[in-house]
file my_file-v8.cif (mmCIF, C-alpha atoms and all ligand atoms)
data_run
loop_
_atom_site.label_atom_id
_atom_site.label_comp_id
_atom_site.auth_asym_id
_atom_site.auth_seq_id
_atom_site.Cartn_x
_atom_site.Cartn_y
_atom_site.Cartn_z
CA MET A 1 0.00 0.00 0.00
CA PHE A 2 1.19 3.50 -0.81
CA ASN A 3 1.56 5.38 2.45
CA MET A 4 -0.09 8.80 2.03
CA LYS A 5 1.18 9.97 5.41
CA LYS A 6 4.87 9.55 4.75
CA PRO A 7 6.42 12.33 6.84
CA VAL A 8 8.22 15.07 4.94
CA HIS A 9 10.78 17.69 5.87
CA ALA A 10 9.55 21.08 7.04
CA SER A 11 9.93 23.32 3.99
CA GLN A 12 13.13 25.35 3.87
CA THR A 13 11.59 28.66 2.92
CA GLN A 14 14.04 30.86 4.82
CA PHE A 15 16.36 30.93 1.80
CA GLN A 16 14.86 32.40 -1.34
CA VAL A 17 15.17 30.96 -4.81
CA GLN A 18 15.82 32.90 -8.01
CA ASP A 19 16.05 31.39 -11.50
CA ASN A 20 16.14 27.91 -10.05
CA CYS A 21 19.07 28.77 -7.79
CA LEU A 22 19.18 29.16 -4.02
CA LEU A 23 20.05 32.65 -2.77
CA VAL A 24 22.31 33.10 0.23
CA GLY A 25 22.53 36.64 1.51
CA GLY A 26 20.94 37.67 -1.78
CA ILE A 27 23.68 36.02 -3.85
CA PRO A 28 22.94 33.08 -6.17
CA LEU A 29 24.64 29.97 -4.80
CA THR A 30 26.59 29.33 -8.01
CA ARG A 31 28.05 32.84 -7.85
CA LEU A 32 28.76 32.48 -4.15
CA ALA A 33 30.62 29.24 -4.83
CA GLN A 34 32.79 31.09 -7.38
CA ARG A 35 33.38 33.83 -4.85
CA VAL A 36 34.38 31.39 -2.12
CA GLY A 37 36.70 29.76 -4.64
CA SER A 38 36.38 26.15 -3.60
CA THR A 39 33.94 23.65 -2.22
CA PRO A 40 32.86 22.41 0.26
CA PHE A 41 31.87 25.39 2.37
CA PHE A 42 29.43 26.50 5.00
CA ALA A 43 27.52 29.72 4.31
CA TYR A 44 25.67 31.65 7.00
CA ASP A 45 23.09 34.24 6.06
CA ARG A 46 23.42 37.51 7.97
CA ALA A 47 19.87 38.65 7.30
CA LEU A 48 18.45 35.38 8.59
CA LEU A 49 20.54 35.59 11.75
CA CYS A 50 19.31 39.13 12.38
CA ALA A 51 15.71 38.13 11.66
CA ARG A 52 15.85 35.22 14.09
CA ALA A 53 17.19 37.34 16.93
CA ALA A 54 14.57 40.00 16.21
CA GLN A 55 11.81 37.38 16.16
CA LEU A 56 12.87 36.08 19.58
CA ARG A 57 13.05 39.61 20.98
CA ALA A 58 9.59 40.36 19.69
CA ILE A 59 8.01 37.32 21.27
CA LEU A 60 9.87 36.92 24.59
CA PRO A 61 9.12 39.22 27.54
CA ALA A 62 11.23 42.35 27.12
CA GLU A 63 13.06 41.91 30.44
CA ILE A 64 14.52 38.54 29.42
CA ARG A 65 18.14 38.69 28.31
CA LEU A 66 19.08 36.75 25.25
CA HIS A 67 22.49 35.07 25.20
CA TYR A 68 24.28 33.30 22.38
CA SER A 69 25.99 30.04 23.23
CA ILE A 70 29.14 30.15 21.09
CA LYS A 71 29.69 26.42 20.97
CA ALA A 72 26.87 26.07 18.43
CA ASN A 73 28.96 28.04 15.93
CA PRO A 74 32.22 29.71 16.95
CA MET A 75 33.11 31.26 13.56
CA PRO A 76 34.56 34.62 14.66
CA ALA A 77 32.71 36.74 12.08
CA LEU A 78 29.42 35.12 13.04
CA VAL A 79 30.09 35.55 16.76
CA GLN A 80 30.90 39.21 16.08
CA LEU A 81 27.54 39.61 14.35
CA MET A 82 25.73 37.78 17.15
CA ALA A 83 27.46 39.95 19.74
CA GLY A 84 25.55 42.92 18.35
CA LEU A 85 22.23 41.07 18.37
CA VAL A 86 22.19 39.52 21.85
CA ASP A 87 22.83 40.64 25.44
CA GLY A 88 25.56 38.19 26.33
CA LEU A 89 27.83 35.42 25.11
CA ASP A 90 28.27 32.02 26.72
CA VAL A 91 31.56 30.23 26.21
CA ALA A 92 32.66 26.70 26.99
CA SER A 93 36.44 26.80 26.49
CA GLY A 94 39.40 29.12 26.74
CA ALA A 95 39.45 29.49 22.96
CA GLU A 96 35.76 30.44 22.87
CA LEU A 97 36.48 32.94 25.61
CA LYS A 98 39.07 34.57 23.37
CA THR A 99 36.55 34.75 20.52
CA ALA A 100 33.98 36.30 22.86
CA LEU A 101 36.40 38.90 24.24
CA ASP A 102 37.54 39.80 20.72
CA THR A 103 34.00 40.97 19.92
CA GLY A 104 34.24 43.74 22.51
CA VAL A 105 31.30 42.43 24.54
CA LEU A 106 31.78 43.56 28.15
CA PRO A 107 33.15 40.88 30.49
CA GLN A 108 30.12 41.05 32.75
CA HIS A 109 28.07 39.80 29.79
CA ILE A 110 30.27 36.78 29.13
CA SER A 111 29.88 33.54 31.05
CA PHE A 112 31.95 30.37 31.04
CA ALA A 113 30.19 27.07 31.74
CA GLY A 114 31.23 23.50 31.11
CA PRO A 115 32.79 20.58 32.96
CA GLY A 116 36.54 20.11 33.13
CA LYS A 117 37.70 23.70 33.01
CA THR A 118 41.46 23.55 33.41
CA ASP A 119 43.38 25.74 35.84
CA ALA A 120 44.68 27.64 32.81
CA GLU A 121 41.12 28.30 31.60
CA LEU A 122 39.95 29.32 35.07
CA ALA A 123 42.89 31.70 35.32
CA GLN A 124 42.03 33.19 31.91
CA ALA A 125 38.42 33.62 33.04
CA LEU A 126 39.53 35.26 36.29
CA ALA A 127 41.84 37.64 34.50
CA ALA A 128 39.07 38.50 32.04
CA ASN A 129 36.67 39.16 34.93
CA ILE A 130 33.85 37.19 33.34
CA LEU A 131 31.22 35.07 35.11
CA ILE A 132 32.40 31.57 35.95
CA HIS A 133 29.77 28.86 36.14
CA LEU A 134 30.78 26.32 38.77
CA GLU A 135 30.28 22.73 37.73
CA SER A 136 31.55 20.91 40.83
CA GLU A 137 32.83 21.38 44.37
CA THR A 138 36.39 20.61 43.38
CA GLU A 139 36.16 23.24 40.67
CA LEU A 140 35.06 25.65 43.39
CA GLU A 141 38.15 24.74 45.41
CA ARG A 142 40.49 25.09 42.43
CA LEU A 143 38.94 28.43 41.52
CA ASP A 144 39.32 29.68 45.09
CA ARG A 145 43.01 28.72 45.19
CA LEU A 146 43.70 30.39 41.83
CA ALA A 147 41.73 33.49 42.75
CA MET A 148 43.69 33.85 45.98
CA ALA A 149 46.99 33.44 44.17
CA MET A 150 46.00 35.98 41.52
CA GLY A 151 44.37 38.38 43.94
CA ILE A 152 41.16 38.53 41.91
CA MET A 153 37.65 38.18 43.32
CA PRO A 154 35.80 35.63 41.17
CA LYS A 155 32.29 36.27 39.90
CA VAL A 156 30.52 32.94 40.23
CA VAL A 157 27.30 31.35 39.13
CA VAL A 158 26.36 27.93 40.46
CA ARG A 159 25.30 25.56 37.73
CA VAL A 160 22.61 23.33 39.14
CA ASN A 161 21.86 19.79 38.02
CA PRO A 162 18.16 19.64 38.82
CA ALA A 163 16.33 16.49 39.85
CA PHE A 164 13.89 16.98 36.96
CA GLU A 165 14.79 16.68 33.31
CA LEU A 166 13.69 18.28 30.08
CA LYS A 167 11.35 15.72 28.59
CA SER A 168 11.66 14.71 24.92
CA SER A 169 14.94 16.49 24.54
CA GLY A 170 17.39 15.54 21.81
CA MET A 171 20.16 15.66 24.40
CA LYS A 172 19.55 15.64 28.13
CA MET A 173 21.88 17.81 30.13
CA GLY A 174 20.16 17.74 33.50
CA GLY A 175 18.28 15.32 35.74
CA GLY A 176 19.65 12.10 37.22
CA ALA A 177 23.40 11.61 37.46
CA LYS A 178 25.19 14.06 35.17
CA GLN A 179 28.65 15.47 34.60
CA PHE A 180 27.05 18.91 34.32
CA GLY A 181 26.43 21.14 37.30
CA ILE A 182 26.09 20.47 41.00
CA ASP A 183 23.22 18.25 42.16
CA ALA A 184 20.38 20.45 43.41
CA GLU A 185 20.32 18.71 46.79
CA THR A 186 24.02 19.55 47.35
CA VAL A 187 23.68 23.18 46.25
CA PRO A 188 22.68 24.58 49.71
CA GLN A 189 25.90 23.22 51.21
CA VAL A 190 27.96 24.56 48.31
CA LEU A 191 26.36 27.97 48.78
CA GLN A 192 27.33 27.75 52.43
CA ARG A 193 30.95 27.17 51.39
CA ILE A 194 30.85 30.08 48.94
CA THR A 195 29.61 32.31 51.79
CA GLY A 196 32.87 31.62 53.60
CA LEU A 197 35.04 32.42 50.59
CA SER A 198 36.02 35.63 48.94
CA MET A 199 33.70 35.22 45.95
CA ASP A 200 31.07 37.38 44.30
CA PHE A 201 28.02 35.16 43.94
CA TYR A 202 25.76 36.09 41.01
CA GLY A 203 23.17 33.37 40.84
CA PHE A 204 22.21 30.13 39.20
CA GLN A 205 22.30 28.43 35.86
CA ILE A 206 19.87 25.61 35.32
CA PHE A 207 20.03 24.06 31.86
CA CYS A 208 18.36 20.75 31.21
CA GLY A 209 18.64 19.79 27.58
CA SER A 210 19.05 20.61 23.94
CA GLN A 211 17.06 20.29 20.70
CA ASN A 212 13.53 20.23 22.06
CA LEU A 213 10.56 20.74 19.75
CA LYS A 214 7.81 20.27 22.36
CA PRO A 215 6.71 23.60 23.82
CA GLU A 216 4.89 21.89 26.70
CA ALA A 217 8.11 20.15 27.77
CA ILE A 218 10.03 23.43 27.68
CA VAL A 219 7.26 25.22 29.60
CA GLU A 220 7.30 22.51 32.26
CA ALA A 221 11.10 22.58 32.60
CA GLN A 222 11.20 26.38 32.78
CA SER A 223 8.52 26.47 35.49
CA SER A 224 10.38 23.81 37.49
CA THR A 225 13.57 25.82 36.98
CA PHE A 226 12.01 28.96 38.43
CA GLN A 227 10.61 27.06 41.41
CA LEU A 228 13.97 25.45 42.09
CA ALA A 229 15.82 28.77 41.78
CA ILE A 230 13.47 30.40 44.28
CA GLU A 231 14.02 27.55 46.76
CA LEU A 232 17.78 27.58 46.35
CA ALA A 233 17.96 31.36 46.65
CA GLN A 234 17.07 31.00 50.34
CA HIS A 235 20.54 29.53 50.86
CA ALA A 236 22.39 32.10 48.76
CA PRO A 237 25.13 34.22 50.32
CA GLN A 238 23.73 37.32 48.65
CA ALA A 239 20.79 38.34 46.47
CA VAL A 240 20.46 36.37 43.25
CA ARG A 241 21.33 38.72 40.41
CA LEU A 242 21.33 36.26 37.54
CA LEU A 243 19.12 33.36 36.69
CA ASN A 244 20.30 31.64 33.54
CA ILE A 245 17.58 29.22 32.49
CA GLY A 246 19.47 27.63 29.63
CA GLY A 247 18.08 27.12 26.18
CA GLY A 248 17.12 23.92 24.49
CA PHE A 249 14.88 25.39 21.79
CA GLY A 250 14.95 22.97 18.88
CA ILE A 251 14.75 23.35 15.12
CA PRO A 252 13.18 20.90 12.67
CA TYR A 253 15.74 18.63 11.07
CA PHE A 254 13.96 15.46 10.09
CA PRO A 255 10.82 14.38 8.21
CA GLY A 256 7.73 14.99 10.31
CA GLU A 257 9.33 17.61 12.55
CA LEU A 258 7.77 21.07 12.72
CA ALA A 259 9.10 24.42 13.86
CA LEU A 260 8.89 25.00 17.60
CA ASP A 261 5.82 27.00 18.65
CA LEU A 262 7.24 29.78 20.82
CA ASP A 263 3.89 31.25 21.87
CA PRO A 264 3.19 28.94 24.83
CA ILE A 265 6.79 29.37 26.02
CA ALA A 266 6.60 33.15 25.83
CA GLU A 267 3.22 33.11 27.57
CA ASN A 268 4.53 31.01 30.45
CA LEU A 269 7.55 33.29 30.82
CA ARG A 270 5.27 36.31 30.84
CA GLN A 271 3.28 34.78 33.68
CA TRP A 272 6.43 34.03 35.67
CA MET A 273 8.04 37.45 35.37
CA PRO A 274 5.97 39.24 38.08
CA ARG A 275 6.28 36.24 40.42
CA LEU A 276 10.05 36.26 39.99
CA LYS A 277 10.17 40.00 40.55
CA LEU A 278 8.60 39.38 43.95
CA ALA A 279 10.66 36.34 44.93
CA LEU A 280 14.02 37.38 43.41
CA PRO A 281 13.77 41.16 42.94
CA ASP A 282 17.38 41.61 41.79
CA ALA A 283 17.45 38.70 39.38
CA ILE A 284 17.92 39.17 35.67
CA VAL A 285 16.61 36.19 33.72
CA ALA A 286 18.74 35.05 30.78
CA ILE A 287 18.00 32.49 28.10
CA GLU A 288 21.06 31.07 26.37
CA LEU A 289 20.49 29.67 22.93
CA GLY A 290 22.83 28.23 20.39
CA ARG A 291 21.05 26.10 17.86
CA TYR A 292 17.83 28.10 17.70
CA LEU A 293 19.65 31.35 16.98
CA VAL A 294 21.96 30.13 14.23
CA GLY A 295 20.99 26.63 13.07
CA GLU A 296 18.51 27.55 10.37
CA ALA A 297 20.61 30.38 8.95
CA GLY A 298 23.36 28.12 7.65
CA ILE A 299 23.86 25.71 4.79
CA TYR A 300 26.61 23.28 3.89
CA VAL A 301 27.52 23.19 0.21
CA ALA A 302 29.36 20.34 -1.51
CA LYS A 303 30.07 19.76 -5.18
CA VAL A 304 29.14 16.58 -7.03
CA ILE A 305 32.39 14.90 -8.06
CA ASP A 306 30.98 11.66 -9.38
CA ARG A 307 27.67 10.09 -10.22
CA LYS A 308 27.48 6.34 -10.21
CA ILE A 309 24.94 3.58 -10.22
CA SER A 310 25.47 0.49 -8.11
CA ARG A 311 23.02 -2.37 -8.55
CA GLY A 312 20.22 -0.04 -9.48
CA GLN A 313 20.88 2.62 -6.85
CA THR A 314 22.19 6.05 -7.79
CA PHE A 315 24.94 7.66 -5.75
CA LEU A 316 26.10 11.24 -5.93
CA VAL A 317 29.64 11.35 -4.64
CA THR A 318 30.49 14.83 -3.38
CA ASP A 319 33.62 16.52 -2.10
CA GLY A 320 31.92 17.08 1.26
CA GLY A 321 30.87 14.67 3.96
CA MET A 322 30.90 13.62 7.57
CA HIS A 323 34.35 15.09 8.26
CA HIS A 324 32.77 18.54 7.92
CA HIS A 325 29.24 17.74 8.92
CA LEU A 326 29.06 14.84 11.31
CA ALA A 327 25.52 15.68 12.38
CA ALA A 328 24.09 15.51 8.85
CA SER A 329 25.75 12.14 8.34
CA GLY A 330 23.74 10.90 11.30
CA ASN A 331 26.73 10.19 13.50
CA LEU A 332 26.30 12.92 16.12
CA GLY A 333 23.83 11.38 18.48
CA GLN A 334 21.20 9.93 16.13
CA VAL A 335 19.94 6.52 17.13
CA ILE A 336 18.18 5.78 13.84
CA ARG A 337 19.72 7.67 10.95
CA LYS A 338 17.43 10.19 9.26
CA ASN A 339 18.12 12.64 6.48
CA TYR A 340 18.66 16.32 7.03
CA PRO A 341 16.83 18.47 4.47
CA VAL A 342 18.98 18.35 1.34
CA ALA A 343 18.56 19.91 -2.12
CA VAL A 344 20.49 20.52 -5.31
CA GLY A 345 21.14 24.22 -4.75
CA ASN A 346 21.50 25.18 -8.41
CA LYS A 347 18.46 23.13 -9.47
CA MET A 348 15.86 24.11 -6.93
CA SER A 349 12.69 23.93 -8.91
CA GLY A 350 13.05 21.45 -11.73
CA THR A 351 10.77 18.52 -12.24
CA GLY A 352 13.21 15.69 -12.79
CA ARG A 353 13.35 14.20 -9.34
CA GLU A 354 15.05 10.91 -8.73
CA ILE A 355 15.88 8.83 -5.68
CA VAL A 356 19.58 9.15 -4.88
CA SER A 357 22.01 8.77 -2.04
CA VAL A 358 24.51 11.56 -1.48
CA VAL A 359 27.82 10.36 -0.08
CA GLY A 360 31.15 11.96 0.72
CA PRO A 361 34.73 11.09 -0.20
CA LEU A 362 35.57 9.17 2.96
CA CYS A 363 36.22 5.44 2.91
CA THR A 364 33.43 4.54 5.29
CA PRO A 365 29.75 3.79 4.73
CA LEU A 366 29.06 6.24 7.57
CA ASP A 367 29.94 9.07 5.18
CA LEU A 368 26.39 9.68 4.03
CA LEU A 369 24.71 13.06 3.56
CA ALA A 370 21.43 11.78 2.15
CA ASP A 371 20.13 8.24 2.11
CA GLN A 372 17.81 7.52 -0.82
CA MET A 373 16.21 10.93 -1.03
CA ALA A 374 14.14 12.43 -3.84
CA LEU A 375 16.38 15.14 -5.32
CA GLU A 376 16.51 16.99 -8.61
CA GLN A 377 18.62 15.05 -11.06
CA ALA A 378 22.18 16.20 -10.42
CA GLU A 379 25.31 15.92 -12.53
CA VAL A 380 29.00 16.32 -11.85
CA GLY A 381 29.63 19.96 -10.88
CA ASP A 382 26.20 20.58 -9.35
CA LEU A 383 26.00 21.87 -5.79
CA VAL A 384 24.38 19.78 -3.10
CA VAL A 385 23.06 21.82 -0.19
CA VAL A 386 22.41 20.57 3.33
CA PHE A 387 20.04 22.90 5.17
CA GLN A 388 19.84 23.45 8.96
CA SER A 389 23.63 23.54 9.08
CA GLY A 390 24.32 26.75 10.97
CA ALA A 391 24.74 25.05 14.37
CA TYR A 392 26.87 22.10 15.43
CA GLY A 393 28.17 21.73 11.88
CA LEU A 394 31.85 22.23 11.19
CA THR A 395 32.66 22.79 14.85
CA ALA A 396 31.15 19.43 15.84
CA SER A 397 32.86 17.40 13.11
CA PRO A 398 36.03 15.30 12.88
CA ASN A 399 37.75 17.63 10.41
CA ASP A 400 40.98 15.67 10.20
CA PHE A 401 39.42 12.31 9.43
CA LEU A 402 41.02 11.17 6.15
CA SER A 403 43.02 14.40 6.03
CA HIS A 404 40.94 16.22 3.46
CA ALA A 405 41.00 20.01 3.36
CA LYS A 406 38.95 21.80 5.98
CA ALA A 407 35.71 23.36 4.77
CA LEU A 408 35.63 27.13 4.40
CA GLU A 409 33.03 29.23 6.17
CA VAL A 410 31.50 32.46 4.95
CA LEU A 411 29.07 34.89 6.47
CA VAL A 412 27.07 36.47 3.67
C1 LIG B 1 25.21 23.90 24.61
C2 LIG B 1 24.69 24.75 25.67
C3 LIG B 1 23.69 25.69 25.40
C4 LIG B 1 23.07 25.87 24.05
O1 LIG B 1 22.28 24.79 23.70
P1 LIG B 1 21.40 24.85 22.36
O2 LIG B 1 20.65 23.59 22.39
O3 LIG B 1 22.36 24.95 21.22
O4 LIG B 1 20.53 26.04 22.45
C5 LIG B 1 23.26 26.47 26.42
N1 LIG B 1 23.80 26.36 27.66
C6 LIG B 1 24.77 25.48 27.95
C7 LIG B 1 25.31 25.41 29.32
C8 LIG B 1 25.24 24.64 26.98
O5 LIG B 1 26.18 23.76 27.29
#
call {"tool": "encode", "arguments": {"input": "my_file-v8.cif", "output": "structure tokens", "more": "lines below"}}
Ligand SMILES: *Cc1c(COP(=O)(O)O)cnc(C)c1O
result
Amino acid sequence: MFNMKKPVHASQTQFQVQDNCLLVGGIPLTRLAQRVGSTPFFAYDRALLCARAAQLRAILPAEIRLHYSIKANPMPALVQLMAGLVDGLDVASGAELKTALDTGVLPQHISFAGPGKTDAELAQALAANILIHLESETELERLDRLAMAMGIMPKVVVRVNPAFELKSSGMKMGGGAKQFGIDAETVPQVLQRITGLSMDFYGFQIFCGSQNLKPEAIVEAQSSTFQLAIELAQHAPQAVRLLNIGGGFGIPYFPGELALDLDPIAENLRQWMPRLKLALPDAIVAIELGRYLVGEAGIYVAKVIDRKISRGQTFLVTDGGMHHHLAASGNLGQVIRKNYPVAVGNKMSGTGREIVSVVGPLCTPLDLLADQMALEQAEVGDLVVVFQSGAYGLTASPNDFLSHAKALEVLV
């Protein structure tokens, strides 16, 4: 039986099409490829990045601060653009800290979270005078020792691992036993220790998970986060000035997935704001987003190098693959491999669709960008585009695998 309800990809209408060719930053993809000079490359669309930040601003309560989590895409030019669109930058390594500081964003608007910060990274963070998110008690001790030695008063935020989790999240980063944050039940005693140290306590970060497309799950987690923060604040050495509630907003990657409905999330936040004002009058609420801010504004572009048929199946062999885009190959946390939205960027609206698999140049069957998808008939030299590639693309990929050239990145 023909299945009428076969799920399809959410349509990629954020990029316009002109004369059959995808436009990136208003430039036809074929021309952009000439301008870049070689394939494969990632292209990020400035106007789409600006539009996404503006859309979030318009819908979220005005008093909520919007932060960009650099790890989603640390390309310096993109981070520089984001720095002008958001209220703060979140970093997760010493190198990301450098990128953040290079933008000119004030140190009080930069925060450093993540397990396993080395002494060198903690010292960099201290010297930069940014907010340091504490992930464990031993990190607290190491930070205290370094701060004493350097004669700098650390600004600290306690990252809490809550007892609840963000349901239906692509990646859970809170709840149960986790390497992230300090277990909520231990936090009162850690706050007690901080009280006895020479540290400037700012508040809490509670971040439960990534890539969530269910507004009701996000609403529930955010409400639990606020309740927990209010409880924990009773043990705080000084007034809570910052409540970082994480991010986790997802984007549609796979067939059947739809864009996240922000309305219920914004409505819940709006209801919480006056309650928080009463309970934590000095607290600024920050949302830190990576994927949602940048994911849909980027594409990965690879050129067809070969077209071959093997036992009735057509393969497009491209110069790009999993070494640049691990996530699209299905090897970054997918349990059952599904296709990202893919198109032939210089043949957007033809009629000659065929079922093909798009593979890369690596000698492994894992190097797959599209598995038996309906694409416009492509020939050698055509440009295959992988959408939803602005976040966790190049930065989350094993670039050196098989020692091919690194992909270029452009902000257009
Ligand atoms: C990765 C990360 C984020 C961003 O997550 P997204 O799902 O990309 O929005 C936010 N906060 C922390 C602490 C993170 O580690």
call {"tool": "closest_atom_pairs", "arguments": {"input": "my_file-v8.cif", "of": "chain A", "to": "ligand LIG 1 (chain B)", "cutoff": "10 Å", "atoms": "only C-alpha atoms and all ligand atoms", "output": "JSON lines"}}
result
{"residue": "A:His67", "atom": "CA", "partner": "B:LIG1", "partner_atom": "C5", "distance": 8.7}
{"residue": "A:Tyr68", "atom": "CA", "partner": "B:LIG1", "partner_atom": "C4", "distance": 7.7}
{"residue": "A:Ser69", "atom": "CA", "partner": "B:LIG1", "partner_atom": "C4", "distance": 5.2}
{"residue": "A:Ile70", "atom": "CA", "partner": "B:LIG1", "partner_atom": "C4", "distance": 8.0}
{"residue": "A:Lys71", "atom": "CA", "partner": "B:LIG1", "partner_atom": "C1", "distance": 6.3}
{"residue": "A:Ala72", "atom": "CA", "partner": "B:LIG1", "partner_atom": "O3", "distance": 5.4}
{"residue": "A:Asn73", "atom": "CA", "partner": "B:LIG1", "partner_atom": "O3", "distance": 9.0}
{"residue": "A:Asp90", "atom": "CA", "partner": "B:LIG1", "partner_atom": "N1", "distance": 7.3}
{"residue": "A:Val91", "atom": "CA", "partner": "B:LIG1", "partner_atom": "C6", "distance": 8.5}
{"residue": "A:Ala92", "atom": "CA", "partner": "B:LIG1", "partner_atom": "O5", "distance": 7.1}
{"residue": "A:Ser111", "atom": "CA", "partner": "B:LIG1", "partner_atom": "C7", "distance": 9.5}
{"residue": "A:Phe112", "atom": "CA", "partner": "B:LIG1", "partner_atom": "C7", "distance": 8.5}
{"residue": "A:Ala113", "atom": "CA", "partner": "B:LIG1", "partner_atom": "C7", "distance": 5.7}
{"residue": "A:Gly114", "atom": "CA", "partner": "B:LIG1", "partner_atom": "O5", "distance": 6.3}
{"residue": "A:Pro115", "atom": "CA", "partner": "B:LIG1", "partner_atom": "O5", "distance": 9.3}
{"residue": "A:His133", "atom": "CA", "partner": "B:LIG1", "partner_atom": "C7", "distance": 8.8}
{"residue": "A:Arg159", "atom": "CA", "partner": "B:LIG1", "partner_atom": "C7", "distance": 8.4}
{"residue": "A:Ser169", "atom": "CA", "partner": "B:LIG1", "partner_atom": "O2", "distance": 9.4}
{"residue": "A:Gly170", "atom": "CA", "partner": "B:LIG1", "partner_atom": "O2", "distance": 8.7}
{"residue": "A:Met171", "atom": "CA", "partner": "B:LIG1", "partner_atom": "O2", "distance": 8.2}
{"residue": "A:Lys172", "atom": "CA", "partner": "B:LIG1", "partner_atom": "O2", "distance": 9.9}
{"residue": "A:Met173", "atom": "CA", "partner": "B:LIG1", "partner_atom": "O5", "distance": 7.9}
{"residue": "A:Phe180", "atom": "CA", "partner": "B:LIG1", "partner_atom": "C7", "distance": 8.4}
{"residue": "A:Gly181", "atom": "CA", "partner": "B:LIG1", "partner_atom": "C7", "distance": 9.1}
{"residue": "A:Gln205", "atom": "CA", "partner": "B:LIG1", "partner_atom": "C7", "distance": 7.8}
{"residue": "A:Ile206", "atom": "CA", "partner": "B:LIG1", "partner_atom": "C7", "distance": 8.1}
{"residue": "A:Phe207", "atom": "CA", "partner": "B:LIG1", "partner_atom": "C7", "distance": 6.0}
{"residue": "A:Cys208", "atom": "CA", "partner": "B:LIG1", "partner_atom": "C7", "distance": 8.6}
{"residue": "A:Gly209", "atom": "CA", "partner": "B:LIG1", "partner_atom": "O2", "distance": 6.7}
{"residue": "A:Ser210", "atom": "CA", "partner": "B:LIG1", "partner_atom": "O2", "distance": 3.7}
{"residue": "A:Gln211", "atom": "CA", "partner": "B:LIG1", "partner_atom": "O2", "distance": 5.2}
{"residue": "A:Asn212", "atom": "CA", "partner": "B:LIG1", "partner_atom": "O2", "distance": 7.9}
{"residue": "A:Asn244", "atom": "CA", "partner": "B:LIG1", "partner_atom": "N1", "distance": 8.6}
{"residue": "A:Ile245", "atom": "CA", "partner": "B:LIG1", "partner_atom": "N1", "distance": 8.4}
{"residue": "A:Gly246", "atom": "CA", "partner": "B:LIG1", "partner_atom": "N1", "distance": 4.9}
{"residue": "A:Gly247", "atom": "CA", "partner": "B:LIG1", "partner_atom": "O4", "distance": 4.6}
{"residue": "A:Gly248", "atom": "CA", "partner": "B:LIG1", "partner_atom": "O2", "distance": 4.1}
{"residue": "A:Phe249", "atom": "CA", "partner": "B:LIG1", "partner_atom": "O4", "distance": 5.7}
{"residue": "A:Gly250", "atom": "CA", "partner": "B:LIG1", "partner_atom": "O2", "distance": 6.7}
{"residue": "A:Ile251", "atom": "CA", "partner": "B:LIG1", "partner_atom": "O2", "distance": 9.4}
{"residue": "A:Ile287", "atom": "CA", "partner": "B:LIG1", "partner_atom": "C5", "distance": 8.2}
{"residue": "A:Glu288", "atom": "CA", "partner": "B:LIG1", "partner_atom": "C5", "distance": 5.1}
{"residue": "A:Leu289", "atom": "CA", "partner": "B:LIG1", "partner_atom": "O4", "distance": 3.7}
{"residue": "A:Gly290", "atom": "CA", "partner": "B:LIG1", "partner_atom": "O3", "distance": 3.4}
{"residue": "A:Arg291", "atom": "CA", "partner": "B:LIG1", "partner_atom": "O3", "distance": 3.8}
{"residue": "A:Tyr292", "atom": "CA", "partner": "B:LIG1", "partner_atom": "O4", "distance": 5.8}
{"residue": "A:Leu293", "atom": "CA", "partner": "B:LIG1", "partner_atom": "O4", "distance": 7.7}
{"residue": "A:Val294", "atom": "CA", "partner": "B:LIG1", "partner_atom": "O3", "distance": 8.7}
{"residue": "A:Gly295", "atom": "CA", "partner": "B:LIG1", "partner_atom": "O3", "distance": 8.4}
{"residue": "A:Ala391", "atom": "CA", "partner": "B:LIG1", "partner_atom": "O3", "distance": 7.3}
{"residue": "A:Tyr392", "atom": "CA", "partner": "B:LIG1", "partner_atom": "O3", "distance": 7.9}
call {"tool": "atom_distance", "arguments": {"input": "my_file-v8.cif", "atom1": "atom CA of A:Leu411", "atom2": "atom CA of A:His324"}}
result
16.8 Å
call {"tool": "closest_residue", "arguments": {"input": "my_file-v8.cif", "among": "A:Phe201, A:Phe254, A:Phe164, A:Phe401", "to": "A:Glu185", "atoms": "only C-alpha atoms"}}
result
A:Phe164
call {"tool": "residues_around", "arguments": {"input": "my_file-v8.cif", "residues": "A:Ala236", "least_positions_apart": "4", "cutoff": "10 Å", "atoms": "all atoms listed in the file", "output": "list in words"}}
result
Val187, Pro188, Gln189, Val190, Leu191, Gln192, Ile194, Thr195, Phe201, Tyr202, Gly203, Phe204, Glu231, Leu232 and Val240 of chain A
call {"tool": "closest_residue", "arguments": {"input": "my_file-v8.cif", "among": "A:Leu262, A:Ala123, A:Val17, A:Val386", "to": "A:Ser93", "atoms": "all atoms listed in the file"}}
result
A:Ala123
call {"tool": "closest_atom_pairs", "arguments": {"input": "my_file-v8.cif", "of": "stretch 145-198 of chain A", "to": "stretch 105-109 of chain A", "cutoff": "12 Å", "atoms": "only C-alpha atoms", "output": "tab-separated table"}}
result
residue	atom	partner	partner_atom	distance
A:Pro154	CA	A:Gln108	CA	11.5
A:Lys155	CA	A:Gln108	CA	8.9
A:Val156	CA	A:Gln108	CA	11.0
A:Val157	CA	A:Gln108	CA	11.9
call {"tool": "residues_near_point", "arguments": {"input": "my_file-v8.cif", "point": "(12.8, 19.1, 1.9)", "cutoff": "7 Å", "atoms": "only C-alpha atoms", "output": "PDB file with C-alpha atoms, in the frame of the given file"}}
result
ATOM      1  CA  VAL A   8       8.220  15.070   4.940  1.00  0.00           C
ATOM      2  CA  HIS A   9      10.780  17.690   5.870  1.00  0.00           C
ATOM      3  CA  ALA A  10       9.550  21.080   7.040  1.00  0.00           C
ATOM      4  CA  SER A  11       9.930  23.320   3.990  1.00  0.00           C
ATOM      5  CA  GLN A  12      13.130  25.350   3.870  1.00  0.00           C
ATOM      6  CA  PRO A 341      16.830  18.470   4.470  1.00  0.00           C
ATOM      7  CA  VAL A 342      18.980  18.350   1.340  1.00  0.00           C
TER       8      VAL A 342
END
